[in-house]
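What follows is data.txt (compact mmCIF, C-alpha atoms).
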```txt
# COMPACT_ATOMS: atom_id res chain seq x y z
CA MET X 928 -82.76 78.02 -55.74
CA ALA X 929 -86.54 78.11 -55.97
CA ASP X 930 -88.33 75.26 -54.19
CA ALA X 931 -90.27 74.52 -57.38
CA ASP X 932 -86.99 73.44 -58.99
CA VAL X 933 -85.75 71.28 -56.15
CA ILE X 934 -87.22 67.96 -57.23
CA ASN X 935 -86.08 68.05 -60.85
CA GLY X 936 -88.88 66.11 -62.40
CA ALA X 937 -89.94 64.02 -59.41
CA ARG X 938 -93.38 65.61 -59.50
CA GLN X 939 -93.98 63.92 -62.84
CA GLN X 940 -95.61 61.11 -60.90
CA PHE X 941 -96.27 57.68 -62.39
CA ALA X 942 -97.80 54.41 -61.18
CA GLU X 943 -94.56 52.71 -60.08
CA GLN X 944 -93.56 55.75 -58.04
CA ILE X 945 -96.90 55.92 -56.21
CA ALA X 946 -97.00 52.15 -55.64
CA PHE X 947 -93.53 52.22 -54.08
CA PHE X 948 -94.53 54.82 -51.53
CA ARG X 949 -97.85 53.20 -50.69
CA ASN X 950 -96.14 49.88 -49.97
CA LYS X 951 -94.34 51.40 -46.99
CA LEU X 952 -95.24 50.85 -43.33
CA ASN X 953 -95.39 53.68 -40.82
CA LEU X 954 -92.56 53.23 -38.32
CA PRO X 955 -91.96 55.56 -35.34
CA SER X 956 -88.40 56.78 -34.84
CA GLU X 957 -86.38 58.97 -32.53
CA THR X 958 -83.69 60.00 -35.04
CA TRP X 959 -83.10 59.51 -38.75
CA ARG X 960 -80.41 56.96 -37.90
CA ASP X 961 -83.01 54.52 -36.49
CA ILE X 962 -83.84 53.43 -40.03
CA GLN X 963 -80.97 52.98 -42.46
CA ARG X 964 -80.41 52.61 -46.18
CA ALA X 965 -82.69 50.14 -47.96
CA ALA X 966 -85.03 49.90 -44.95
CA HIS X 967 -86.57 53.11 -46.30
CA ASP X 968 -87.95 50.95 -49.11
CA ARG X 969 -90.39 49.48 -46.59
CA ALA X 970 -90.64 52.00 -43.77
CA PHE X 971 -92.05 55.52 -43.72
CA MET X 972 -90.55 57.62 -40.96
CA VAL X 973 -90.14 61.23 -39.95
CA ALA X 974 -87.24 61.69 -37.54
CA GLY X 975 -88.51 62.36 -34.02
CA VAL X 976 -92.11 61.30 -34.68
CA MET X 977 -93.12 58.63 -32.17
CA LYS X 978 -96.91 59.04 -32.05
CA ALA X 979 -98.78 56.79 -34.48
CA ASP X 980 -101.57 59.27 -35.22
CA LEU X 981 -99.11 62.11 -35.91
CA LEU X 982 -97.06 59.86 -38.19
CA ALA X 983 -100.21 58.73 -40.01
CA ASP X 984 -101.24 62.33 -40.71
CA LEU X 985 -97.78 63.19 -42.01
CA ARG X 986 -97.88 60.06 -44.15
CA ARG X 987 -101.12 61.23 -45.77
CA ALA X 988 -99.59 64.65 -46.48
CA VAL X 989 -96.55 63.06 -48.15
CA ASP X 990 -98.80 60.69 -50.08
CA GLU X 991 -100.56 63.71 -51.60
CA ALA X 992 -97.16 65.16 -52.50
CA VAL X 993 -96.06 61.95 -54.20
CA GLN X 994 -99.22 62.13 -56.29
CA GLY X 995 -98.17 65.55 -57.57
CA GLY X 996 -98.66 68.02 -54.74
CA SER X 997 -96.37 71.02 -54.50
CA ILE X 998 -94.01 71.80 -51.65
CA GLY X 999 -96.17 74.81 -50.82
CA GLU X 1000 -99.19 72.55 -50.36
CA PHE X 1001 -97.13 70.17 -48.25
CA ARG X 1002 -95.92 73.00 -46.03
CA LYS X 1003 -99.50 74.07 -45.36
CA HIS X 1004 -100.48 70.51 -44.47
CA PHE X 1005 -97.39 70.20 -42.26
CA ALA X 1006 -98.25 73.36 -40.32
CA ASP X 1007 -101.85 72.21 -39.82
CA ILE X 1008 -100.72 68.76 -38.64
CA VAL X 1009 -98.15 70.16 -36.21
CA ALA X 1010 -100.77 72.48 -34.73
CA LYS X 1011 -103.38 69.72 -34.51
CA HIS X 1012 -101.12 67.35 -32.58
CA GLY X 1013 -99.21 69.96 -30.58
CA TRP X 1014 -95.90 68.56 -31.79
CA THR X 1015 -93.01 70.55 -30.38
CA GLY X 1016 -89.26 70.18 -30.06
CA TRP X 1017 -88.72 69.08 -33.66
CA THR X 1018 -85.55 70.08 -35.45
CA GLY X 1019 -86.12 73.32 -37.34
CA GLU X 1020 -88.96 74.54 -35.14
CA GLY X 1021 -88.98 78.18 -34.12
CA SER X 1022 -87.75 80.03 -37.20
CA ALA X 1023 -88.99 80.51 -40.72
CA ALA X 1024 -85.68 79.32 -42.14
CA GLY X 1025 -85.62 76.23 -39.90
CA GLU X 1026 -89.18 75.27 -40.74
CA ALA X 1027 -88.53 75.81 -44.46
CA TRP X 1028 -85.46 73.57 -44.24
CA ARG X 1029 -87.23 70.78 -42.34
CA THR X 1030 -90.25 70.66 -44.62
CA ARG X 1031 -88.00 70.73 -47.68
CA VAL X 1032 -85.98 67.76 -46.37
CA ILE X 1033 -89.12 65.68 -45.66
CA TYR X 1034 -90.74 66.59 -48.98
CA GLN X 1035 -87.66 66.29 -51.15
CA THR X 1036 -86.34 63.05 -49.63
CA ASN X 1037 -89.64 61.22 -50.01
CA MET X 1038 -90.29 62.61 -53.47
CA THR X 1039 -86.86 61.85 -54.92
CA THR X 1040 -86.54 58.35 -53.47
CA ALA X 1041 -90.07 57.42 -54.59
CA TYR X 1042 -89.30 58.79 -58.04
CA ALA X 1043 -85.98 56.91 -58.18
CA ALA X 1044 -87.58 53.64 -57.04
CA GLY X 1045 -90.35 53.98 -59.59
CA ARG X 1046 -87.89 54.91 -62.32
CA ARG X 1047 -85.69 51.94 -61.43
CA ALA X 1048 -88.69 49.62 -61.73
CA GLN X 1049 -89.35 51.03 -65.20
CA LEU X 1050 -85.72 50.64 -66.26
CA LEU X 1051 -85.83 46.98 -65.21
CA ASP X 1052 -88.78 46.19 -67.44
CA PRO X 1053 -87.67 43.09 -69.42
CA ASP X 1054 -88.66 44.58 -72.78
CA LEU X 1055 -86.68 47.75 -72.11
CA LEU X 1056 -83.69 45.80 -70.77
CA GLN X 1057 -83.57 43.78 -73.96
CA ARG X 1058 -83.29 46.96 -76.02
CA ARG X 1059 -81.34 49.15 -73.56
CA PRO X 1060 -79.40 47.03 -71.06
CA TYR X 1061 -76.96 49.82 -70.12
CA TRP X 1062 -77.52 52.65 -67.65
CA ARG X 1063 -75.81 56.05 -67.81
CA TYR X 1064 -75.21 58.25 -64.77
CA VAL X 1065 -76.48 61.79 -65.42
CA HIS X 1066 -75.36 64.61 -63.14
CA ASN X 1067 -77.72 67.54 -62.63
CA ASP X 1068 -75.74 70.64 -63.49
CA SER X 1069 -78.30 73.06 -62.04
CA VAL X 1070 -77.20 72.56 -58.43
CA THR X 1071 -75.42 75.50 -56.81
CA HIS X 1072 -72.75 73.41 -55.10
CA PRO X 1073 -72.21 70.18 -57.09
CA ARG X 1074 -70.65 67.20 -55.37
CA PRO X 1075 -67.27 66.52 -57.01
CA HIS X 1076 -67.75 62.75 -57.31
CA HIS X 1077 -71.27 63.06 -58.73
CA LYS X 1078 -70.02 65.59 -61.27
CA GLN X 1079 -67.12 63.31 -62.17
CA TRP X 1080 -69.45 60.36 -62.87
CA GLY X 1081 -71.65 62.59 -65.00
CA ASP X 1082 -68.79 64.30 -66.85
CA MET X 1083 -67.20 60.98 -67.76
CA ARG X 1084 -70.61 59.75 -68.98
CA LEU X 1085 -70.27 56.65 -66.85
CA THR X 1086 -72.25 53.93 -68.66
CA LEU X 1087 -72.47 50.45 -67.17
CA ARG X 1088 -74.67 47.40 -67.57
CA HIS X 1089 -77.74 47.49 -65.36
CA ASP X 1090 -76.41 44.57 -63.28
CA HIS X 1091 -73.01 46.14 -62.54
CA PRO X 1092 -72.30 46.24 -58.76
CA PHE X 1093 -71.93 50.02 -59.02
CA TRP X 1094 -75.71 50.44 -59.24
CA GLU X 1095 -76.33 48.46 -56.05
CA THR X 1096 -74.93 51.36 -54.04
CA HIS X 1097 -74.70 54.29 -56.46
CA PHE X 1098 -78.13 54.41 -58.09
CA PRO X 1099 -79.11 58.06 -57.45
CA PRO X 1100 -80.06 59.96 -55.40
CA ASN X 1101 -76.74 59.55 -53.61
CA GLY X 1102 -77.27 61.99 -50.76
CA TRP X 1103 -79.39 64.72 -49.23
CA GLY X 1104 -80.60 67.00 -52.01
CA CYS X 1105 -78.95 64.97 -54.77
CA LYS X 1106 -80.81 65.36 -58.08
CA CYS X 1107 -78.74 63.06 -60.28
CA ARG X 1108 -80.51 60.43 -62.35
CA VAL X 1109 -80.05 57.40 -64.60
CA VAL X 1110 -81.04 56.90 -68.25
CA ALA X 1111 -81.16 53.66 -70.22
CA VAL X 1112 -79.08 53.26 -73.39
CA ALA X 1113 -78.39 50.44 -75.84
CA GLU X 1114 -74.62 50.49 -75.28
CA PRO X 1115 -71.81 52.84 -74.28
CA GLY X 1116 -71.31 55.58 -76.86
CA GLU X 1117 -68.13 57.15 -78.12
CA GLY X 1118 -66.38 58.83 -75.23
CA ASP X 1119 -68.50 57.09 -72.56
CA ALA X 1120 -66.65 55.53 -69.63
CA SER X 1121 -67.43 51.83 -69.49
CA ALA X 1122 -65.92 51.24 -66.04
CA PRO X 1123 -66.19 53.23 -62.81
CA PRO X 1124 -63.11 55.17 -61.70
CA ASP X 1125 -60.55 53.47 -59.47
CA GLY X 1126 -61.53 53.59 -55.82
CA TRP X 1127 -65.25 54.05 -56.48
CA ASP X 1128 -66.11 51.48 -53.80
CA ALA X 1129 -63.53 52.62 -51.23
CA THR X 1130 -65.06 53.50 -47.87
CA ASP X 1131 -64.97 57.07 -46.62
CA PRO X 1132 -64.11 56.77 -42.90
CA ARG X 1133 -66.12 59.91 -42.13
CA THR X 1134 -69.40 58.50 -43.42
CA GLY X 1135 -68.94 54.73 -43.40
CA THR X 1136 -70.13 54.64 -47.01
CA ALA X 1137 -68.39 54.71 -50.37
CA VAL X 1138 -66.63 57.95 -51.23
CA GLY X 1139 -68.97 60.49 -52.76
CA LEU X 1140 -72.09 59.13 -51.03
CA ASP X 1141 -73.75 60.67 -48.00
CA ALA X 1142 -74.12 58.49 -44.89
CA GLY X 1143 -77.05 56.13 -45.29
CA TRP X 1144 -77.48 56.72 -49.02
CA ASP X 1145 -75.46 53.78 -50.33
CA TYR X 1146 -78.40 51.78 -51.66
CA ALA X 1147 -80.64 51.61 -54.73
CA PRO X 1148 -84.14 52.91 -53.89
CA GLY X 1149 -86.73 50.24 -54.53
CA ALA X 1150 -84.33 47.30 -54.80
CA ARG X 1151 -85.71 45.75 -51.61
CA ALA X 1152 -89.26 47.07 -51.77
CA ASP X 1153 -90.69 43.55 -51.62
CA ASP X 1154 -88.69 42.45 -48.57
CA GLU X 1155 -90.37 41.84 -45.22
CA LEU X 1156 -89.61 44.45 -42.60
CA ARG X 1157 -88.28 41.75 -40.28
CA SER X 1158 -85.36 41.13 -42.65
CA PHE X 1159 -84.26 44.74 -42.24
CA VAL X 1160 -84.21 44.30 -38.47
CA GLN X 1161 -82.05 41.22 -38.88
CA ASP X 1162 -79.74 43.07 -41.28
CA LYS X 1163 -79.31 45.89 -38.70
CA LEU X 1164 -80.93 48.41 -41.03
CA VAL X 1165 -83.70 49.14 -38.55
CA ASP X 1166 -82.46 49.94 -35.06
CA TYR X 1167 -84.04 47.73 -32.38
CA PRO X 1168 -84.57 49.35 -30.00
CA PRO X 1169 -85.97 52.01 -30.35
CA ALA X 1170 -87.59 52.06 -33.79
CA ILE X 1171 -89.29 48.68 -33.56
CA SER X 1172 -89.84 48.60 -29.80
CA LYS X 1173 -91.69 51.92 -29.81
CA ALA X 1174 -94.16 50.50 -32.30
CA LEU X 1175 -94.93 47.41 -30.23
CA SER X 1176 -96.78 46.82 -26.99
CA ALA X 1177 -94.96 46.52 -23.67
CA ASP X 1178 -95.94 42.88 -23.34
CA VAL X 1179 -94.46 41.92 -26.69
CA ASN X 1180 -91.32 43.95 -26.08
CA ARG X 1181 -90.34 41.80 -23.14
CA THR X 1182 -90.02 38.67 -25.25
CA ILE X 1183 -89.63 39.80 -28.85
CA ASP X 1184 -86.95 37.99 -30.83
CA THR X 1185 -85.86 39.59 -34.10
CA GLU X 1186 -82.85 37.41 -34.79
CA THR X 1187 -84.10 33.81 -34.88
CA LEU X 1188 -85.05 32.47 -38.30
CA VAL X 1189 -88.63 31.23 -38.47
CA PRO X 1190 -87.85 27.55 -39.33
CA ASP X 1191 -85.31 27.43 -36.49
CA PHE X 1192 -87.92 28.77 -34.07
CA VAL X 1193 -90.38 26.07 -35.15
CA ARG X 1194 -87.80 23.33 -34.67
CA GLU X 1195 -87.01 24.67 -31.20
CA VAL X 1196 -90.60 24.82 -29.97
CA LEU X 1197 -91.31 21.33 -31.29
CA ALA X 1198 -88.26 19.98 -29.48
CA ASN X 1199 -88.79 21.97 -26.27
CA ARG X 1200 -92.40 22.12 -25.07
CA GLN X 1201 -91.38 24.41 -22.22
CA LYS X 1202 -90.69 27.26 -24.60
CA ARG X 1203 -93.63 29.67 -24.47
CA GLU X 1204 -92.52 32.98 -25.99
CA PRO X 1205 -93.91 33.92 -29.43
CA LEU X 1206 -91.80 34.88 -32.42
CA TRP X 1207 -92.34 38.32 -33.99
CA LEU X 1208 -92.90 38.02 -37.75
CA GLY X 1209 -93.59 41.64 -38.65
CA PHE X 1210 -96.59 43.93 -38.98
CA ALA X 1211 -100.05 43.63 -40.49
CA GLU X 1212 -99.40 45.41 -43.76
CA ARG X 1213 -102.99 45.71 -44.99
CA PRO X 1214 -104.99 46.81 -41.94
CA ASP X 1215 -107.74 48.06 -44.26
CA TRP X 1216 -108.32 44.53 -45.55
CA ILE X 1217 -108.38 43.16 -42.01
CA GLN X 1218 -110.86 45.82 -40.93
CA ASP X 1219 -113.10 45.03 -43.89
CA ALA X 1220 -113.13 41.35 -42.88
CA THR X 1221 -113.31 41.58 -39.08
CA GLY X 1222 -114.31 45.13 -38.20
CA VAL X 1223 -111.05 45.58 -36.25
CA ASN X 1224 -108.76 48.51 -37.09
CA ALA X 1225 -105.45 46.63 -37.26
CA GLN X 1226 -103.22 49.64 -37.93
CA GLY X 1227 -99.86 48.99 -36.27
CA TYR X 1228 -100.76 45.43 -35.21
CA THR X 1229 -97.88 43.00 -34.89
CA VAL X 1230 -97.89 39.53 -36.44
CA LEU X 1231 -96.82 36.79 -34.04
CA LEU X 1232 -96.12 33.08 -34.25
CA PRO X 1233 -97.04 31.60 -30.83
CA ALA X 1234 -95.04 28.63 -29.63
CA ASP X 1235 -98.17 26.48 -29.41
CA ALA X 1236 -99.19 27.00 -33.05
CA PRO X 1237 -96.64 24.60 -34.62
CA ARG X 1238 -97.41 22.06 -31.90
CA HIS X 1239 -101.13 22.28 -32.70
CA ALA X 1240 -100.48 21.91 -36.43
CA LEU X 1241 -98.26 18.87 -35.85
CA SER X 1242 -100.84 17.07 -33.71
CA SER X 1243 -103.99 18.07 -35.63
CA HIS X 1244 -103.15 18.63 -39.29
CA GLY X 1245 -101.18 15.72 -40.67
CA PHE X 1246 -101.92 13.48 -43.68
CA ASP X 1247 -105.69 12.99 -43.96
CA GLY X 1248 -106.15 11.18 -47.28
CA SER X 1249 -107.52 14.25 -49.08
CA GLY X 1250 -104.25 15.82 -50.13
CA GLN X 1251 -103.46 17.45 -46.80
CA ARG X 1252 -99.92 17.13 -45.55
CA PRO X 1253 -98.28 18.08 -42.25
CA ALA X 1254 -96.49 21.43 -42.06
CA VAL X 1255 -92.70 21.28 -41.76
CA PRO X 1256 -90.52 24.04 -40.26
CA ARG X 1257 -89.69 25.68 -43.60
CA ASP X 1258 -93.42 26.14 -44.34
CA TYR X 1259 -93.72 28.69 -41.55
CA ALA X 1260 -91.31 31.03 -43.34
CA VAL X 1261 -94.14 32.06 -45.73
CA LEU X 1262 -96.68 32.94 -43.02
CA GLU X 1263 -96.25 36.68 -43.39
CA GLU X 1264 -96.62 36.41 -47.16
CA VAL X 1265 -99.85 34.46 -46.78
CA LEU X 1266 -101.30 37.05 -44.39
CA ASN X 1267 -100.13 40.21 -46.13
CA ASP X 1268 -100.57 39.12 -49.75
CA PRO X 1269 -103.35 36.50 -49.67
CA ASP X 1270 -105.42 35.08 -52.50
CA ALA X 1271 -108.43 35.20 -50.18
CA LEU X 1272 -109.12 36.81 -46.82
CA ARG X 1273 -112.26 36.46 -44.69
CA ALA X 1274 -113.48 36.45 -41.12
CA GLY X 1275 -113.49 33.12 -39.30
CA ASP X 1276 -115.36 31.84 -36.28
CA ARG X 1277 -114.71 33.39 -32.90
CA SER X 1278 -111.73 31.90 -31.05
CA LYS X 1279 -112.11 29.93 -27.84
CA LYS X 1280 -111.35 33.19 -26.01
CA GLY X 1281 -114.10 34.99 -27.91
CA ASN X 1282 -111.79 37.04 -30.14
CA PRO X 1283 -112.30 37.63 -33.88
CA THR X 1284 -110.34 35.41 -36.24
CA LEU X 1285 -109.08 35.93 -39.76
CA VAL X 1286 -108.68 33.21 -42.41
CA ALA X 1287 -106.01 33.90 -45.05
CA THR X 1288 -105.23 31.52 -47.90
CA LYS X 1289 -102.63 31.60 -50.66
CA ALA X 1290 -101.46 29.21 -53.37
CA ILE X 1291 -97.68 28.69 -53.30
CA ASP X 1292 -95.81 26.25 -55.56
CA GLY X 1293 -98.83 24.10 -56.32
CA GLU X 1294 -100.11 23.93 -52.74
CA THR X 1295 -102.64 26.00 -50.81
CA PHE X 1296 -101.67 27.39 -47.44
CA ARG X 1297 -104.67 28.09 -45.19
CA THR X 1298 -103.92 30.07 -42.05
CA VAL X 1299 -106.18 31.14 -39.19
CA TRP X 1300 -105.20 34.16 -37.10
CA GLU X 1301 -106.62 35.31 -33.78
CA VAL X 1302 -107.05 39.09 -33.63
CA LEU X 1303 -106.10 40.44 -30.19
CA SER X 1304 -107.21 44.04 -29.80
CA GLY X 1305 -106.41 44.78 -26.17
CA LYS X 1306 -104.78 48.05 -25.16
CA ARG X 1307 -101.40 46.48 -24.39
CA ASN X 1308 -101.10 43.65 -26.90
CA ARG X 1309 -102.58 44.42 -30.29
CA SER X 1310 -101.57 41.60 -32.56
CA LEU X 1311 -102.52 38.83 -34.97
CA GLN X 1312 -101.44 35.45 -33.66
CA LEU X 1313 -101.41 32.25 -35.69
CA LEU X 1314 -103.89 29.62 -34.52
CA SER X 1315 -103.75 27.11 -37.34
CA LEU X 1316 -101.84 26.20 -40.50
CA VAL X 1317 -103.22 23.68 -43.00
CA ILE X 1318 -101.48 22.78 -46.27
CA LYS X 1319 -103.17 21.01 -49.16
CA THR X 1320 -102.01 20.16 -52.66
CA ARG X 1321 -103.99 22.05 -55.28
CA ALA X 1322 -104.89 18.86 -57.17
CA ARG X 1323 -106.62 17.21 -54.20
CA GLN X 1324 -108.71 20.13 -52.89
```
Spit out the file's structure as structure tokens when you get a sec.
Amino acid sequence: MADADVINGARQQFAEQIAFFRNKLNLPSETWRDIQRAAHDRAFMVAGVMKADLLADLRRAVDEAVQGGSIGEFRKHFADIVAKHGWTGWTGEGSAAGEAWRTRVIYQTNMTTAYAAGRRAQLLDPDLLQRRPYWRYVHNDSVTHPRPHHKQWGDMRLTLRHDHPFWETHFPPNGWGCKCRVVAVAEPGEGDASAPPDGWDATDPRTGTAVGLDAGWDYAPGARADDELRSFVQDKLVDYPPAISKALSADVNRTIDTETLVPDFVREVLANRQKREPLWLGFAERPDWIQDATGVNAQGYTVLLPADAPRHALSSHGFDGSGQRPAVPRDYAVLEEVLNDPDALRAGDRSKKGNPTLVATKAIDGETFRTVWEVLSGKRNRSLQLLSLVIKTRARQ
């Protein structure tokens, strides 16, 4: 089949599709299994790429593809990038067929999942849902070797409400090279199946996923695009180590904790003043904003909650008569949201150690959260660490 036909419409780019891809974070990986299922909603990876600069260049090449670039253009960029960085030992290297296969997998996987996530966002538009609350599974009959289950779902014109559990795992693509899709309809038509076939959610012991789905493809692209990357680590969808550890400094790796919930960590450090290790919250997701404010290139920087920060907030930022209230443990759960999606972001005064600081504020549920972050740009520990958290009611500011 010609490469130009592989994507089946995914090159018809639209805003939701591009936004989905651009919301991802670059994450180094050793194998494709390091990042699983819905974690691809938030992480961009190329199996075997560990170097940040190599991954960033590949990310830019895929970004151009998502905006409408052809696979031929992507292959040229790929060859230039591989030569520039001297990347060797990658799967597919050494033969024209192998290189064609590898570039097609990278291109097609990113294009089809971005398209599916963008399309899903469109299908969930409230106005469209009101008129067409049902989704129909459409099999692509142009494939040379159709998957029997995919063909069955298409042939039976499987039509289910948008909130049926089937779509949580079976929203296409459902595997490598799958080109199936979903269309919105007002209701099941004559001859449409209004329930999935028996055994649709049975697990295939060979893949660990539902029958008919390739390993790692049992998720709806875009359904968790707004989730913090840390939640995927906790859900075992990002392998730690190596995927996360390779992206962090050696100093942070020794003490990083990906399991503890943020409010529980705060309670612990307030009760035990001997605890010194920080809690990893995630990554700086808008390094361009941080660089604009501070002049520091924060690409790949971690976001940390030091043990002393809640202690400082407790002793220094209580009720003050002007609408300020003390922070409680649950307040710290929104720190990453305040930093990565702020209402305002600016440089602050230098820290006591002489490092740049960043002030991020955001209104949440009628209150304004004001956070101050110290920007540590050393070679071994590049991170943003919370210095201060102040909470004020909007009415008393």
Polymer residues at most 7 Å from stretch 1187-1201 of chain X, all atoms listed in the file, same-chain spacing of 5 or more positions, as a PyMOL selection string: chain X and resi 1234+1237-1238+1256-1257+1259-1260
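Nearest residue to X:Ala1113 among X:Val1070, X:Ala946, X:Leu1164, X:Leu1055 is X:Leu1055, counting only C-alpha atoms.
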Neighbour residues at most 12 Å from (-75.9, 53.7, -58.6) (all atoms listed in the file) as an MDAnalysis selection string: chainID X and resid 1043:1044 1047 1062:1066 1077 1080:1081 1085:1102 1107:1110 1123 1127:1128 1137 1139:1140 1144:1148 1150
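Nearest residue to X:Lys1163, choosing from X:Asp1131, X:Glu1186, X:Asp1007, X:Glu991 and counting only C-alpha atoms: X:Glu1186.
Nearest-residue note for X:Phe1001: choosing from X:Met972, X:Tyr1034, X:Ala1142, X:Phe1210, the minimum distance belongs to X:Tyr1034, counting all atoms listed in the file.
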Å distance separating atom CA of X:Leu1266 from atom CA of X:Leu952, one decimal place: 15.1 Å
Non-local contacts of X:Val976 (8 Å; only C-alpha atoms; under 6 positions in same chain excluded) as a ChimeraX atom specification: /X:955-957,982
Among listed residues X:Ile1318, X:Met1038, X:Ala1024, X:Pro1205, nearest X:Pro1253 (using only C-alpha atoms):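 Looking only at the distances to X:Pro1253, the closest residue turns out to be X:Ile1318.
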Using the file's own x, y and z axes, so that the box edges lie along x, y and z, what centre and edge lengths in Å (one decimal) does a box around every listed atom of stretch 1059-1065 of chain X get when 6 Å is added on each side? Give it as lines of an AutoDock Vina configuration file.
```
center_x = -78.3
center_y = 54.4
center_z = -69.2
size_x = 18.1
size_y = 26.8
size_z = 20.8
```
Neighbour residues at most 6 Å from (-97.6, 44.9, -37.9) (only C-alpha atoms) as a VMD selection string: chain X and resid 1209 to 1211 1227 to 1230
Among listed residues X:Leu1272, X:Val1112, X:Ile1033, X:Val1317, nearest X:Asp1215 (using only C-alpha atoms): X:Leu1272
